[in-house]
Each structure stands twice: as C-alpha cells, then as structure tokens.
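> My structure is stored as my_file23.txt, with compact mmCIF, N, CA and C atoms.
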# COMPACT_ATOMS: atom_id res chain seq x y z
N VAL A 1 -84.46 -23.21 -12.09
CA VAL A 1 -85.42 -24.30 -12.24
C VAL A 1 -84.70 -25.59 -11.87
N ASN A 2 -85.30 -26.32 -10.92
CA ASN A 2 -84.64 -27.58 -10.55
C ASN A 2 -85.40 -28.78 -11.12
N ASP A 3 -84.76 -29.94 -11.06
CA ASP A 3 -85.32 -31.15 -11.64
C ASP A 3 -86.65 -31.56 -11.01
N ALA A 4 -86.79 -31.35 -9.69
CA ALA A 4 -88.03 -31.72 -9.01
C ALA A 4 -89.20 -30.89 -9.53
N ALA A 5 -89.00 -29.61 -9.78
CA ALA A 5 -90.06 -28.76 -10.33
C ALA A 5 -90.42 -29.22 -11.73
N CYS A 6 -89.44 -29.58 -12.51
CA CYS A 6 -89.70 -30.09 -13.86
C CYS A 6 -90.56 -31.35 -13.81
N ARG A 7 -90.23 -32.26 -12.91
CA ARG A 7 -91.02 -33.49 -12.78
C ARG A 7 -92.43 -33.19 -12.29
N LEU A 8 -92.56 -32.32 -11.30
CA LEU A 8 -93.86 -32.01 -10.73
C LEU A 8 -94.80 -31.39 -11.77
N PHE A 9 -94.28 -30.47 -12.56
CA PHE A 9 -95.12 -29.77 -13.52
C PHE A 9 -95.09 -30.37 -14.92
N GLY A 10 -94.20 -31.35 -15.15
CA GLY A 10 -94.17 -32.05 -16.43
C GLY A 10 -93.52 -31.29 -17.58
N TYR A 11 -92.68 -30.35 -17.25
CA TYR A 11 -91.98 -29.57 -18.28
C TYR A 11 -90.51 -29.93 -18.32
N PRO A 12 -89.91 -29.94 -19.51
CA PRO A 12 -88.45 -30.01 -19.56
C PRO A 12 -87.88 -28.66 -19.12
N LYS A 13 -86.71 -28.70 -18.54
CA LYS A 13 -86.07 -27.49 -18.00
C LYS A 13 -86.00 -26.37 -19.05
N GLU A 14 -85.71 -26.74 -20.29
CA GLU A 14 -85.54 -25.75 -21.35
C GLU A 14 -86.82 -24.93 -21.59
N GLU A 15 -87.98 -25.52 -21.33
CA GLU A 15 -89.23 -24.80 -21.54
C GLU A 15 -89.56 -23.85 -20.39
N LEU A 16 -89.00 -24.10 -19.21
CA LEU A 16 -89.28 -23.25 -18.06
C LEU A 16 -88.31 -22.09 -17.92
N ILE A 17 -87.06 -22.31 -18.32
CA ILE A 17 -86.05 -21.25 -18.21
C ILE A 17 -86.45 -20.08 -19.11
N GLY A 18 -86.60 -18.92 -18.50
CA GLY A 18 -86.97 -17.72 -19.23
C GLY A 18 -88.47 -17.55 -19.45
N ALA A 19 -89.26 -18.55 -19.10
CA ALA A 19 -90.72 -18.46 -19.27
C ALA A 19 -91.34 -17.74 -18.08
N SER A 20 -92.50 -17.19 -18.29
CA SER A 20 -93.25 -16.57 -17.20
C SER A 20 -93.71 -17.65 -16.23
N ILE A 21 -93.63 -17.35 -14.95
CA ILE A 21 -94.11 -18.27 -13.92
C ILE A 21 -95.61 -18.55 -14.09
N ASN A 22 -96.28 -17.67 -14.79
CA ASN A 22 -97.72 -17.80 -14.99
C ASN A 22 -98.12 -19.09 -15.71
N ILE A 23 -97.22 -19.70 -16.46
CA ILE A 23 -97.58 -20.95 -17.15
C ILE A 23 -97.84 -22.08 -16.17
N LEU A 24 -97.41 -21.90 -14.92
CA LEU A 24 -97.60 -22.93 -13.90
C LEU A 24 -98.84 -22.67 -13.05
N MET A 25 -99.69 -21.73 -13.49
CA MET A 25 -100.87 -21.33 -12.72
C MET A 25 -102.13 -21.49 -13.56
N PRO A 26 -103.24 -21.87 -12.89
CA PRO A 26 -104.52 -21.84 -13.61
C PRO A 26 -104.81 -20.43 -14.10
N LYS A 27 -105.57 -20.31 -15.18
CA LYS A 27 -105.81 -19.02 -15.83
C LYS A 27 -106.34 -17.96 -14.87
N ALA A 28 -107.28 -18.32 -14.01
CA ALA A 28 -107.87 -17.34 -13.09
C ALA A 28 -106.81 -16.69 -12.19
N ILE A 29 -105.83 -17.46 -11.79
CA ILE A 29 -104.75 -16.93 -10.94
C ILE A 29 -103.72 -16.20 -11.79
N ALA A 30 -103.35 -16.79 -12.91
CA ALA A 30 -102.34 -16.20 -13.79
C ALA A 30 -102.76 -14.81 -14.27
N ASP A 31 -104.06 -14.64 -14.57
CA ASP A 31 -104.54 -13.34 -15.04
C ASP A 31 -104.33 -12.23 -14.02
N GLN A 32 -104.33 -12.57 -12.74
CA GLN A 32 -104.16 -11.57 -11.68
C GLN A 32 -102.71 -11.45 -11.21
N HIS A 33 -101.90 -12.44 -11.49
CA HIS A 33 -100.57 -12.54 -10.90
C HIS A 33 -99.67 -11.35 -11.23
N ASP A 34 -99.63 -10.94 -12.49
CA ASP A 34 -98.76 -9.83 -12.88
C ASP A 34 -99.13 -8.54 -12.16
N GLN A 35 -100.44 -8.29 -12.00
CA GLN A 35 -100.88 -7.09 -11.29
C GLN A 35 -100.51 -7.15 -9.81
N ILE A 36 -100.63 -8.32 -9.22
CA ILE A 36 -100.25 -8.49 -7.81
C ILE A 36 -98.77 -8.19 -7.63
N LEU A 37 -97.94 -8.76 -8.50
CA LEU A 37 -96.49 -8.51 -8.43
C LEU A 37 -96.17 -7.04 -8.63
N LYS A 38 -96.83 -6.43 -9.59
CA LYS A 38 -96.59 -5.02 -9.87
C LYS A 38 -96.87 -4.17 -8.64
N ARG A 39 -97.99 -4.44 -7.93
CA ARG A 39 -98.32 -3.69 -6.72
C ARG A 39 -97.25 -3.88 -5.64
N TYR A 40 -96.79 -5.14 -5.46
CA TYR A 40 -95.75 -5.40 -4.46
C TYR A 40 -94.49 -4.60 -4.76
N PHE A 41 -94.07 -4.62 -6.03
CA PHE A 41 -92.83 -3.93 -6.39
C PHE A 41 -92.99 -2.41 -6.30
N GLU A 42 -94.16 -1.89 -6.67
CA GLU A 42 -94.38 -0.44 -6.59
C GLU A 42 -94.38 0.04 -5.14
N ARG A 43 -94.98 -0.72 -4.27
CA ARG A 43 -95.07 -0.32 -2.86
C ARG A 43 -93.80 -0.63 -2.09
N GLY A 44 -93.02 -1.57 -2.59
CA GLY A 44 -91.79 -1.93 -1.90
C GLY A 44 -92.02 -2.60 -0.56
N ILE A 45 -93.19 -3.18 -0.40
CA ILE A 45 -93.53 -3.84 0.86
C ILE A 45 -93.47 -5.35 0.64
N PHE A 46 -92.51 -5.98 1.29
CA PHE A 46 -92.33 -7.41 1.16
C PHE A 46 -92.29 -8.05 2.53
N LYS A 47 -93.01 -9.11 2.69
CA LYS A 47 -92.92 -9.88 3.92
C LYS A 47 -91.64 -10.69 3.84
N SER A 48 -91.03 -10.99 4.97
CA SER A 48 -89.78 -11.75 4.94
C SER A 48 -89.99 -13.11 4.31
N SER A 49 -91.12 -13.72 4.55
CA SER A 49 -91.48 -14.96 3.86
C SER A 49 -92.97 -15.18 4.05
N THR A 50 -93.55 -15.87 3.13
CA THR A 50 -94.97 -16.17 3.20
C THR A 50 -95.22 -17.52 2.55
N SER A 51 -96.23 -18.22 3.02
CA SER A 51 -96.55 -19.53 2.49
C SER A 51 -98.06 -19.63 2.33
N ARG A 52 -98.48 -20.24 1.22
CA ARG A 52 -99.91 -20.43 1.03
C ARG A 52 -100.17 -21.66 0.18
N VAL A 53 -101.37 -22.20 0.32
CA VAL A 53 -101.79 -23.36 -0.46
C VAL A 53 -102.59 -22.84 -1.65
N VAL A 54 -102.17 -23.25 -2.84
CA VAL A 54 -102.81 -22.81 -4.09
C VAL A 54 -102.86 -23.99 -5.06
N PHE A 55 -103.41 -23.77 -6.23
CA PHE A 55 -103.38 -24.78 -7.27
C PHE A 55 -102.37 -24.37 -8.33
N GLY A 56 -101.55 -25.35 -8.74
CA GLY A 56 -100.64 -25.17 -9.84
C GLY A 56 -101.20 -25.87 -11.06
N LEU A 57 -100.59 -25.64 -12.21
CA LEU A 57 -101.07 -26.22 -13.45
C LEU A 57 -99.91 -26.93 -14.16
N THR A 58 -100.10 -28.21 -14.44
CA THR A 58 -99.06 -28.97 -15.12
C THR A 58 -99.11 -28.71 -16.62
N LYS A 59 -98.10 -29.16 -17.32
CA LYS A 59 -98.05 -29.00 -18.77
C LYS A 59 -99.25 -29.67 -19.43
N SER A 60 -99.72 -30.77 -18.85
CA SER A 60 -100.88 -31.47 -19.39
C SER A 60 -102.20 -30.82 -18.97
N ARG A 61 -102.13 -29.64 -18.34
CA ARG A 61 -103.27 -28.83 -17.92
C ARG A 61 -104.03 -29.40 -16.72
N GLN A 62 -103.39 -30.29 -15.98
CA GLN A 62 -103.99 -30.84 -14.76
C GLN A 62 -103.69 -29.89 -13.60
N GLN A 63 -104.71 -29.58 -12.80
CA GLN A 63 -104.49 -28.76 -11.62
C GLN A 63 -104.00 -29.65 -10.48
N ILE A 64 -102.96 -29.17 -9.78
CA ILE A 64 -102.42 -29.89 -8.64
C ILE A 64 -102.39 -28.95 -7.44
N LYS A 65 -102.68 -29.49 -6.27
CA LYS A 65 -102.67 -28.70 -5.04
C LYS A 65 -101.23 -28.62 -4.54
N ILE A 66 -100.75 -27.39 -4.32
CA ILE A 66 -99.36 -27.18 -3.90
C ILE A 66 -99.30 -26.15 -2.77
N ARG A 67 -98.23 -26.22 -2.01
CA ARG A 67 -97.90 -25.18 -1.04
C ARG A 67 -96.71 -24.42 -1.62
N VAL A 68 -96.87 -23.11 -1.69
CA VAL A 68 -95.81 -22.26 -2.22
C VAL A 68 -95.30 -21.37 -1.08
N ALA A 69 -94.02 -21.44 -0.82
CA ALA A 69 -93.37 -20.58 0.17
C ALA A 69 -92.48 -19.60 -0.58
N LEU A 70 -92.75 -18.33 -0.41
CA LEU A 70 -91.99 -17.29 -1.09
C LEU A 70 -91.01 -16.62 -0.14
N SER A 71 -89.84 -16.34 -0.64
CA SER A 71 -88.85 -15.57 0.11
C SER A 71 -88.45 -14.38 -0.74
N TYR A 72 -88.35 -13.23 -0.10
CA TYR A 72 -87.99 -12.01 -0.79
C TYR A 72 -86.58 -11.60 -0.39
N MET A 73 -85.81 -11.22 -1.39
CA MET A 73 -84.43 -10.79 -1.15
C MET A 73 -84.18 -9.52 -1.95
N MET A 74 -83.20 -8.77 -1.56
CA MET A 74 -82.85 -7.57 -2.30
C MET A 74 -81.44 -7.72 -2.84
N SER A 75 -81.28 -7.59 -4.16
CA SER A 75 -79.94 -7.58 -4.75
C SER A 75 -79.45 -6.14 -4.72
N ASP A 76 -78.32 -5.89 -5.32
CA ASP A 76 -77.80 -4.52 -5.37
C ASP A 76 -78.73 -3.60 -6.15
N THR A 77 -79.49 -4.16 -7.08
CA THR A 77 -80.28 -3.31 -7.97
C THR A 77 -81.79 -3.56 -7.95
N GLN A 78 -82.21 -4.73 -7.47
CA GLN A 78 -83.65 -5.02 -7.55
C GLN A 78 -84.05 -6.09 -6.54
N PRO A 79 -85.35 -6.12 -6.22
CA PRO A 79 -85.83 -7.20 -5.36
C PRO A 79 -85.90 -8.51 -6.14
N LEU A 80 -85.67 -9.61 -5.45
CA LEU A 80 -85.74 -10.94 -6.05
C LEU A 80 -86.71 -11.79 -5.24
N ILE A 81 -87.38 -12.69 -5.91
CA ILE A 81 -88.32 -13.59 -5.23
C ILE A 81 -87.91 -15.02 -5.54
N SER A 82 -87.82 -15.82 -4.48
CA SER A 82 -87.52 -17.24 -4.60
C SER A 82 -88.73 -18.02 -4.10
N ALA A 83 -89.07 -19.12 -4.80
CA ALA A 83 -90.22 -19.92 -4.41
C ALA A 83 -89.81 -21.36 -4.14
N MET A 84 -90.35 -21.91 -3.07
CA MET A 84 -90.20 -23.34 -2.78
C MET A 84 -91.60 -23.93 -2.87
N ILE A 85 -91.72 -25.07 -3.57
CA ILE A 85 -93.03 -25.66 -3.85
C ILE A 85 -93.07 -27.10 -3.36
N ASP A 86 -94.15 -27.43 -2.65
CA ASP A 86 -94.41 -28.81 -2.22
C ASP A 86 -95.76 -29.24 -2.77
N GLU A 87 -95.82 -30.44 -3.35
CA GLU A 87 -97.11 -30.96 -3.79
C GLU A 87 -97.85 -31.51 -2.59
N LEU A 88 -99.12 -31.18 -2.49
CA LEU A 88 -99.97 -31.68 -1.42
C LEU A 88 -100.87 -32.75 -2.00
N LEU A 89 -100.78 -33.95 -1.45
CA LEU A 89 -101.58 -35.05 -1.98
C LEU A 89 -102.90 -35.17 -1.27
Can you turn what I pasted into structure tokens?


Amino acid sequence: VNDAACRLFGYPKEELIGASINILMPKAIADQHDQILKRYFERGIFKSSTSRVVFGLTKSRQQIKIRVALSYMMSDTQPLISAMIDELL
C-alpha cells in the first residue's frame, strides 16, 4: 500500500494493510469480486496485463472513477496480482 493510494481512498495505511481489496469497491462490484478472482485462479488463465475504468469507493463512501491496470506474476508458489490505480477526473 503506498501513500498515494491512502490519500486517494482516504484510509490510513494501517487500515489497508491486510484488509480485503473489496473495501475499495462499491458493494455491487465487491460482491462479485471474490468469485471472479476464484475463477481466474482455478483456471490459471491470466492476461499479461489488463486495464479498465471502474468506480472505487473511498472511506467516506464516495464513489470515484478510476482506471485500474492489473499485472499478473507468478511466484515460486502462487500467482500474484499487482494493481496500479489512476483517478479519472
């Protein structure tokens, strides 16, 4: 978790470390997110990178328009996902 993400979403770093990424998503998206991830991991099919425009959710429950770019990597034991986020004004 970096400082820019903390400022964008209005959370202190301590609240984001170890928390589910779903807290940064509106409920409609968060409810589906775990199932989407589960399917990706079960199938083992990962795009090298993907980017999409979605809505994020700040700590104050305000929806913000963001671009999320995901990168998939493989460690020795498991796949890892890294996200880069840009706020769209």

> Kindly indicate which residue among A:Ile81, A:Asp86, A:Asp3, A:Pro26 lies nearest to Gly56 in chain A, using all atoms listed in the file for the distances.

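Answer, going by the shortest atom-to-atom distance: A:Pro26.
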
> At a cut-off of 12 Å, using only C-alpha atoms, what residues contact Leu89 in chain A? Leave out same-chain residues fewer than 4 positions from it and give the result as a ChimeraX atom specification.

/A:53,55,63-67

> Would you please give, as a PyMOL selection string, all residues of chain A that DSSP assigns to strand (DSSP E) based on the backbone?

chain A and resi 49-57+63-74+79-87

> Using Å and a single decimal, report how far atom N of Ile21 in chain A sits from CA of Arg39 in chain A.

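Taking CA of Arg39 in chain A and atom N of Ile21 in chain A, their separation equals 16.6 Å.
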
> Rank nothing, just name the residue among A:Val1, A:Ile29, A:Met73, A:Leu57 nearest to Leu16 in chain A, using only N, CA and C atoms.

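Distance minimum relative to Leu16 in chain A lands on A:Val1.
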
> Can you take the partial range 24-38 of chain A, add N, CA, C and O atoms, and return it as a PDB file, in the frame of the given file?


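Output saved as result.pdb:
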ATOM      1  N   LEU A  24     -97.410 -21.900 -14.920  1.00  0.00           N
ATOM      2  CA  LEU A  24     -97.600 -22.930 -13.900  1.00  0.00           C
ATOM      3  C   LEU A  24     -98.840 -22.670 -13.050  1.00  0.00           C
ATOM      4  O   LEU A  24     -99.037 -23.309 -12.015  1.00  0.00           O
ATOM      5  N   MET A  25     -99.690 -21.730 -13.490  1.00  0.00           N
ATOM      6  CA  MET A  25    -100.870 -21.330 -12.720  1.00  0.00           C
ATOM      7  C   MET A  25    -102.130 -21.490 -13.560  1.00  0.00           C
ATOM      8  O   MET A  25    -102.115 -21.229 -14.765  1.00  0.00           O
ATOM      9  N   PRO A  26    -103.240 -21.870 -12.890  1.00  0.00           N
ATOM     10  CA  PRO A  26    -104.520 -21.840 -13.610  1.00  0.00           C
ATOM     11  C   PRO A  26    -104.810 -20.430 -14.100  1.00  0.00           C
ATOM     12  O   PRO A  26    -104.366 -19.443 -13.494  1.00  0.00           O
ATOM     13  N   LYS A  27    -105.570 -20.310 -15.180  1.00  0.00           N
ATOM     14  CA  LYS A  27    -105.810 -19.020 -15.830  1.00  0.00           C
ATOM     15  C   LYS A  27    -106.340 -17.960 -14.870  1.00  0.00           C
ATOM     16  O   LYS A  27    -105.903 -16.807 -14.906  1.00  0.00           O
ATOM     17  N   ALA A  28    -107.280 -18.320 -14.010  1.00  0.00           N
ATOM     18  CA  ALA A  28    -107.870 -17.340 -13.090  1.00  0.00           C
ATOM     19  C   ALA A  28    -106.810 -16.690 -12.190  1.00  0.00           C
ATOM     20  O   ALA A  28    -106.890 -15.497 -11.888  1.00  0.00           O
ATOM     21  N   ILE A  29    -105.830 -17.460 -11.790  1.00  0.00           N
ATOM     22  CA  ILE A  29    -104.750 -16.930 -10.940  1.00  0.00           C
ATOM     23  C   ILE A  29    -103.720 -16.200 -11.790  1.00  0.00           C
ATOM     24  O   ILE A  29    -103.271 -15.106 -11.450  1.00  0.00           O
ATOM     25  N   ALA A  30    -103.350 -16.790 -12.910  1.00  0.00           N
ATOM     26  CA  ALA A  30    -102.340 -16.200 -13.790  1.00  0.00           C
ATOM     27  C   ALA A  30    -102.760 -14.810 -14.270  1.00  0.00           C
ATOM     28  O   ALA A  30    -101.929 -13.905 -14.367  1.00  0.00           O
ATOM     29  N   ASP A  31    -104.060 -14.640 -14.570  1.00  0.00           N
ATOM     30  CA  ASP A  31    -104.540 -13.340 -15.040  1.00  0.00           C
ATOM     31  C   ASP A  31    -104.330 -12.230 -14.020  1.00  0.00           C
ATOM     32  O   ASP A  31    -104.174 -11.071 -14.377  1.00  0.00           O
ATOM     33  N   GLN A  32    -104.330 -12.570 -12.740  1.00  0.00           N
ATOM     34  CA  GLN A  32    -104.160 -11.570 -11.680  1.00  0.00           C
ATOM     35  C   GLN A  32    -102.710 -11.450 -11.210  1.00  0.00           C
ATOM     36  O   GLN A  32    -102.333 -10.443 -10.601  1.00  0.00           O
ATOM     37  N   HIS A  33    -101.900 -12.440 -11.490  1.00  0.00           N
ATOM     38  CA  HIS A  33    -100.570 -12.540 -10.900  1.00  0.00           C
ATOM     39  C   HIS A  33     -99.670 -11.350 -11.230  1.00  0.00           C
ATOM     40  O   HIS A  33     -98.998 -10.795 -10.359  1.00  0.00           O
ATOM     41  N   ASP A  34     -99.630 -10.940 -12.490  1.00  0.00           N
ATOM     42  CA  ASP A  34     -98.760  -9.830 -12.880  1.00  0.00           C
ATOM     43  C   ASP A  34     -99.130  -8.540 -12.160  1.00  0.00           C
ATOM     44  O   ASP A  34     -98.266  -7.783 -11.734  1.00  0.00           O
ATOM     45  N   GLN A  35    -100.440  -8.290 -12.000  1.00  0.00           N
ATOM     46  CA  GLN A  35    -100.880  -7.090 -11.290  1.00  0.00           C
ATOM     47  C   GLN A  35    -100.510  -7.150  -9.810  1.00  0.00           C
ATOM     48  O   GLN A  35    -100.135  -6.133  -9.219  1.00  0.00           O
ATOM     49  N   ILE A  36    -100.630  -8.320  -9.220  1.00  0.00           N
ATOM     50  CA  ILE A  36    -100.250  -8.490  -7.810  1.00  0.00           C
ATOM     51  C   ILE A  36     -98.770  -8.190  -7.630  1.00  0.00           C
ATOM     52  O   ILE A  36     -98.365  -7.447  -6.734  1.00  0.00           O
ATOM     53  N   LEU A  37     -97.940  -8.760  -8.500  1.00  0.00           N
ATOM     54  CA  LEU A  37     -96.490  -8.510  -8.430  1.00  0.00           C
ATOM     55  C   LEU A  37     -96.170  -7.040  -8.630  1.00  0.00           C
ATOM     56  O   LEU A  37     -95.333  -6.470  -7.927  1.00  0.00           O
ATOM     57  N   LYS A  38     -96.830  -6.430  -9.590  1.00  0.00           N
ATOM     58  CA  LYS A  38     -96.590  -5.020  -9.870  1.00  0.00           C
ATOM     59  C   LYS A  38     -96.870  -4.170  -8.640  1.00  0.00           C
ATOM     60  O   LYS A  38     -96.091  -3.287  -8.293  1.00  0.00           O
TER      61      LYS A  38
END
